[in-house]
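Following: one structure in structure tokens, then a few remarks.
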Amino acid sequence: MLWRHGQTVWNAERRFQGQSDIPLDETGQAQAERAARLLAALRPDLIVASDLSRAAQTAAPLARLTGLEVTLDKDLRERSGGRWEGLTDTEIRTRYPAEHASWTPPDGELSAVVAERVAGALLRIAEAASKPGFDTGLAVVVSHGAALRLGMSRLLGMPEELFGVLGPLSNCSWSVLGRRHGRWRLVEHNAGTLPEPVVLSDDR
């Protein structure tokens, strides 16, 4: 299960967060508490989160309810946005029109690099969750919108030109991946507690 962090002030202001370490705001904290009550009922065996505070804070209520520890993994960090971090979508369009059109943040990470980094982390986590001794084999991975979407796309075998096929994850919503006969499949996408999706500039 791939769970995006709750809302931050920068999300609300439509600022590109990237790897800037922005904590949850009050809304995000409430989202995490509400979602954790739903996810705890699924009895996960593992909780792994990005080491950025907004992901770790989102994971905390689920850890409290389940009694599980949260393992932090820096490979689950959001895409580095380089010079875009902290800018609004309007500012990015104005200052970097060519880069915005191709979605290549100056001094940031390329989509393919992020996809490989996150997919590698997801494979390690899936292997850990499949070991004997776990009840459900369910791992909850708490990360970021672009990171999760790109990592999912890589696991599902999508070519880079189709990375945009999957829509963005709303704050504190999740997607579910399963593996059958050695192949990954998308079971559920952008599920959660929010009534409507929030499209953010760093989720492309």
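For the structure tokens, the naming scheme is as follows: chains receive sequential letters (A, B, ...) according to their order of presentation, residues are indexed from 1 within each chain, and ligands are indexed from 1 in presentation order.
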
Check your understanding: Looking only at the backbone, which of the residues in range 91-149 of chain A does DSSP tag as helix (DSSP H, G or I), as an MDAnalysis selection string?
Key -> chainID A and resid 91:95 97:102 111:129 145:149

The distance between CA of Gly67 in chain A and CA of Arg124 in chain A is 22.0 Å

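Those residues that approach Arg117 in chain A to within 12 Å, counting only C-alpha atoms, are Asp73, Lys74, Asp75, Leu76, Arg77, Glu78, Arg79, Ser80, Glu109, Leu110, Ser111, Ala112, Leu122, Leu123, Arg124, Ala147, Leu148, Leu150, Gly151, Met152, Arg154 and Leu155 of chain A; same-chain residues fewer than 5 positions away are not listed.
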
Saved selection, atoms kept: N, CA, C and O atoms, as a compact mmCIF listing (two decimals), in the first residue's frame:
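Result written to part-v3.txt:
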```txt
# COMPACT_ATOMS: atom_id res chain seq x y z
N ASP A 73 13.34 5.38 5.21
CA ASP A 73 14.14 5.03 4.03
C ASP A 73 14.30 6.28 3.16
O ASP A 73 13.32 6.78 2.60
N LYS A 74 15.52 6.76 3.03
CA LYS A 74 15.75 8.00 2.28
C LYS A 74 15.47 7.81 0.79
O LYS A 74 15.25 8.80 0.07
N ASP A 75 15.46 6.57 0.29
CA ASP A 75 15.15 6.34 -1.12
C ASP A 75 13.69 6.58 -1.44
O ASP A 75 13.31 6.62 -2.62
N LEU A 76 12.86 6.77 -0.43
CA LEU A 76 11.45 7.11 -0.63
C LEU A 76 11.21 8.61 -0.63
O LEU A 76 10.06 9.05 -0.69
N ARG A 77 12.28 9.40 -0.58
CA ARG A 77 12.12 10.86 -0.61
C ARG A 77 11.46 11.32 -1.91
O ARG A 77 11.52 10.64 -2.94
N GLU A 78 10.87 12.51 -1.84
CA GLU A 78 10.29 13.12 -3.03
C GLU A 78 11.37 13.45 -4.05
O GLU A 78 12.56 13.55 -3.73
N ARG A 79 10.94 13.62 -5.26
CA ARG A 79 11.82 14.09 -6.34
C ARG A 79 12.46 15.41 -5.94
O ARG A 79 11.79 16.33 -5.48
N SER A 80 13.76 15.51 -6.14
CA SER A 80 14.43 16.79 -5.91
C SER A 80 14.00 17.78 -6.98
O SER A 80 14.08 17.49 -8.18
N GLU A 109 16.04 16.27 -10.10
CA GLU A 109 16.15 14.90 -10.58
C GLU A 109 15.28 14.67 -11.81
O GLU A 109 14.17 15.19 -11.91
N LEU A 110 15.78 13.85 -12.70
CA LEU A 110 15.00 13.43 -13.85
C LEU A 110 13.97 12.38 -13.42
O LEU A 110 14.19 11.63 -12.49
N SER A 111 12.88 12.32 -14.15
CA SER A 111 11.81 11.37 -13.81
C SER A 111 12.32 9.93 -13.77
O SER A 111 11.97 9.16 -12.87
N ALA A 112 13.14 9.55 -14.74
CA ALA A 112 13.63 8.17 -14.80
C ALA A 112 14.49 7.83 -13.59
O ALA A 112 14.45 6.70 -13.10
N LEU A 122 10.76 0.10 -3.20
CA LEU A 122 9.51 -0.67 -3.12
C LEU A 122 9.77 -2.17 -3.26
O LEU A 122 9.14 -2.98 -2.57
N LEU A 123 10.70 -2.54 -4.12
CA LEU A 123 11.02 -3.96 -4.27
C LEU A 123 11.65 -4.52 -3.00
O LEU A 123 11.33 -5.64 -2.58
N ARG A 124 12.53 -3.74 -2.37
CA ARG A 124 13.13 -4.19 -1.11
C ARG A 124 12.07 -4.37 -0.03
O ARG A 124 12.09 -5.33 0.74
N ALA A 147 7.05 10.87 -6.19
CA ALA A 147 7.89 9.70 -5.94
C ALA A 147 7.09 8.41 -6.07
O ALA A 147 7.52 7.46 -6.74
N LEU A 148 5.92 8.37 -5.46
CA LEU A 148 5.10 7.16 -5.52
C LEU A 148 4.58 6.90 -6.92
O LEU A 148 4.59 5.76 -7.40
N LEU A 150 5.87 7.79 -9.79
CA LEU A 150 6.95 7.36 -10.67
C LEU A 150 7.43 5.96 -10.32
O LEU A 150 7.69 5.14 -11.20
N GLY A 151 7.54 5.67 -9.03
CA GLY A 151 7.94 4.33 -8.62
C GLY A 151 6.93 3.28 -9.05
O GLY A 151 7.31 2.19 -9.52
N MET A 152 5.64 3.58 -8.89
CA MET A 152 4.59 2.67 -9.35
C MET A 152 4.69 2.43 -10.85
O MET A 152 4.57 1.30 -11.33
N ARG A 154 7.21 2.58 -12.80
CA ARG A 154 8.35 1.71 -13.12
C ARG A 154 8.03 0.25 -12.79
O ARG A 154 8.28 -0.65 -13.61
N LEU A 155 7.45 0.00 -11.61
CA LEU A 155 7.12 -1.38 -11.25
C LEU A 155 6.11 -2.00 -12.20
O LEU A 155 6.15 -3.19 -12.48
```

- For Leu87 in chain A: contacts at 12 Å, only C-alpha atoms, fewer than 5 positions along chain excluded, given as a count of residues only: 19

Could you list, with a cut-off of 8 Å and counting only C-alpha atoms, the residues of range 28-108 of chain A near range 167-185 of chain A, each shown with its nearest atom pair and the distance in Å rounded to one decimal, rows sorted by chain and ascending number, as a Markdown table?
```
| residue | atom | partner | partner_atom | distance |
| --- | --- | --- | --- | --- |
| A:Gly28 | CA | A:Cys172 | CA | 7.7 |
| A:Gln31 | CA | A:Cys172 | CA | 6.2 |
| A:Ala32 | CA | A:Cys172 | CA | 6.4 |
| A:Ala35 | CA | A:Cys172 | CA | 7.0 |
| A:Thr58 | CA | A:Cys172 | CA | 7.9 |
```

The selected residues should be written to file as a compact mmCIF listing (two decimals), in the first residue's frame (atoms: N, CA and C atoms).
```txt
# COMPACT_ATOMS: atom_id res chain seq x y z
N GLY A 28 -3.18 18.48 7.65
CA GLY A 28 -2.45 17.26 7.35
C GLY A 28 -2.40 16.31 8.54
N GLN A 31 -5.76 14.70 8.74
CA GLN A 31 -5.89 13.71 7.67
C GLN A 31 -5.18 12.41 8.04
N ALA A 32 -3.97 12.54 8.59
CA ALA A 32 -3.19 11.35 8.95
C ALA A 32 -3.89 10.55 10.05
N ALA A 35 -7.01 8.80 8.38
CA ALA A 35 -6.63 7.70 7.50
C ALA A 35 -6.04 6.53 8.28
N THR A 58 3.08 11.57 9.02
CA THR A 58 1.89 10.89 8.54
C THR A 58 1.85 9.44 9.03
```

Nearest to His5 in chain A, restricted to only C-alpha atoms and choosing among A:Leu24, A:Leu138, A:Ala128, A:Ala121, comes out as A:Leu24

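With CA of Thr104 in chain A on one side and CA of Gly6 in chain A on the other, the separation reads 25.1 Å.
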
Quick one: everything within 6 Å of range 140-143 of chain A, counting only C-alpha atoms, minus sequence neighbours fewer than 2 positions away in the same chain. Send it as an mmCIF file with all heavy atoms, in the first residue's frame.
```
data_model
loop_
_atom_site.group_PDB
_atom_site.id
_atom_site.type_symbol
_atom_site.label_atom_id
_atom_site.label_comp_id
_atom_site.auth_asym_id
_atom_site.auth_seq_id
_atom_site.Cartn_x
_atom_site.Cartn_y
_atom_site.Cartn_z
ATOM 1 N N MET A 1 0.846 -1.177 0.000
ATOM 2 C CA MET A 1 0.000 0.000 0.000
ATOM 3 C C MET A 1 0.892 1.241 0.000
ATOM 4 O O MET A 1 1.797 1.363 0.830
ATOM 5 C CB MET A 1 -0.899 -0.005 1.233
ATOM 6 C CG MET A 1 -1.763 1.234 1.345
ATOM 7 S SD MET A 1 -3.010 1.069 2.621
ATOM 8 C CE MET A 1 -4.080 -0.120 1.865
ATOM 9 N N LEU A 2 0.644 2.148 -0.918
ATOM 10 C CA LEU A 2 1.473 3.337 -1.103
ATOM 11 C C LEU A 2 0.653 4.558 -0.696
ATOM 12 O O LEU A 2 -0.322 4.919 -1.360
ATOM 13 C CB LEU A 2 1.913 3.443 -2.568
ATOM 14 C CG LEU A 2 2.525 2.160 -3.159
ATOM 15 C CD1 LEU A 2 2.964 2.401 -4.580
ATOM 16 C CD2 LEU A 2 3.667 1.644 -2.301
ATOM 17 N N TRP A 3 1.062 5.187 0.390
ATOM 18 C CA TRP A 3 0.274 6.219 1.071
ATOM 19 C C TRP A 3 1.000 7.556 0.978
ATOM 20 O O TRP A 3 2.133 7.679 1.431
ATOM 21 C CB TRP A 3 0.087 5.789 2.517
ATOM 22 C CG TRP A 3 -0.781 6.624 3.387
ATOM 23 C CD1 TRP A 3 -1.725 7.523 3.019
ATOM 24 C CD2 TRP A 3 -0.786 6.601 4.818
ATOM 25 N NE1 TRP A 3 -2.327 8.082 4.134
ATOM 26 C CE2 TRP A 3 -1.768 7.511 5.246
ATOM 27 C CE3 TRP A 3 -0.052 5.888 5.776
ATOM 28 C CZ2 TRP A 3 -2.030 7.750 6.594
ATOM 29 C CZ3 TRP A 3 -0.315 6.116 7.116
ATOM 30 C CH2 TRP A 3 -1.297 7.030 7.511
ATOM 31 N N ARG A 4 0.348 8.524 0.396
ATOM 32 C CA ARG A 4 0.952 9.849 0.314
ATOM 33 C C ARG A 4 0.750 10.609 1.629
ATOM 34 O O ARG A 4 -0.273 10.468 2.298
ATOM 35 C CB ARG A 4 0.334 10.657 -0.833
ATOM 36 C CG ARG A 4 1.084 11.970 -1.043
ATOM 37 C CD ARG A 4 0.411 12.873 -2.039
ATOM 38 N NE ARG A 4 1.117 14.146 -2.070
ATOM 39 C CZ ARG A 4 0.620 15.276 -2.522
ATOM 40 N NH1 ARG A 4 -0.609 15.301 -2.995
ATOM 41 N NH2 ARG A 4 1.335 16.377 -2.505
ATOM 42 N N ILE A 47 5.587 -0.822 8.335
ATOM 43 C CA ILE A 47 5.385 0.572 7.958
ATOM 44 C C ILE A 47 6.754 1.140 7.620
ATOM 45 O O ILE A 47 7.671 1.122 8.450
ATOM 46 C CB ILE A 47 4.757 1.416 9.090
ATOM 47 C CG1 ILE A 47 3.460 0.781 9.593
ATOM 48 C CG2 ILE A 47 4.508 2.842 8.611
ATOM 49 C CD1 ILE A 47 2.888 1.475 10.829
ATOM 50 N N VAL A 48 6.905 1.604 6.399
ATOM 51 C CA VAL A 48 8.166 2.204 5.953
ATOM 52 C C VAL A 48 7.852 3.578 5.397
ATOM 53 O O VAL A 48 6.901 3.733 4.623
ATOM 54 C CB VAL A 48 8.855 1.344 4.872
ATOM 55 C CG1 VAL A 48 10.225 1.928 4.523
ATOM 56 C CG2 VAL A 48 8.996 -0.101 5.332
ATOM 57 N N ALA A 49 8.629 4.579 5.791
ATOM 58 C CA ALA A 49 8.346 5.952 5.385
ATOM 59 C C ALA A 49 9.598 6.646 4.879
ATOM 60 O O ALA A 49 10.725 6.314 5.278
ATOM 61 C CB ALA A 49 7.769 6.753 6.563
ATOM 62 N N SER A 50 9.384 7.601 4.018
ATOM 63 C CA SER A 50 10.440 8.550 3.658
ATOM 64 C C SER A 50 10.949 9.216 4.927
ATOM 65 O O SER A 50 10.207 9.382 5.905
ATOM 66 C CB SER A 50 9.853 9.599 2.706
ATOM 67 O OG SER A 50 10.602 10.802 2.726
ATOM 68 N N ALA A 55 6.316 12.856 5.770
ATOM 69 C CA ALA A 55 5.987 11.442 5.621
ATOM 70 C C ALA A 55 6.054 10.732 6.970
ATOM 71 O O ALA A 55 5.165 9.944 7.319
ATOM 72 C CB ALA A 55 6.926 10.784 4.622
ATOM 73 N N LEU A 76 12.861 6.774 -0.428
ATOM 74 C CA LEU A 76 11.451 7.106 -0.627
ATOM 75 C C LEU A 76 11.207 8.609 -0.634
ATOM 76 O O LEU A 76 10.061 9.053 -0.686
ATOM 77 C CB LEU A 76 10.594 6.455 0.463
ATOM 78 C CG LEU A 76 10.560 4.921 0.459
ATOM 79 C CD1 LEU A 76 9.830 4.420 1.703
ATOM 80 C CD2 LEU A 76 9.885 4.391 -0.806
#
```

Students should find that CA of Phe134 in chain A and CA of Ala59 in chain A are spaced 19.4 Å

Across A:Val9, A:Ala101, A:Ala63, A:Leu52, the smallest distance to His144 in chain A, with only C-alpha atoms counted, is shown by A:Leu52

Practice item. Write out as number ranges by chain the residues lying within 8 Å of Leu46 in chain A, counting only C-alpha atoms and excluding same-chain residues fewer than 6 positions away. Key: A: 68-70, 129, 138-140

### DSSP strand (DSSP E or B) residues within range 57-91 of chain A, listed as number ranges by chain
A: 70-72, 88

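Distance annotation: of A:Ala56, A:Ala191, A:Ile22, A:Leu72, the residue with the minimal separation from Ile125 in chain A is A:Leu72; atom set is only C-alpha atoms.
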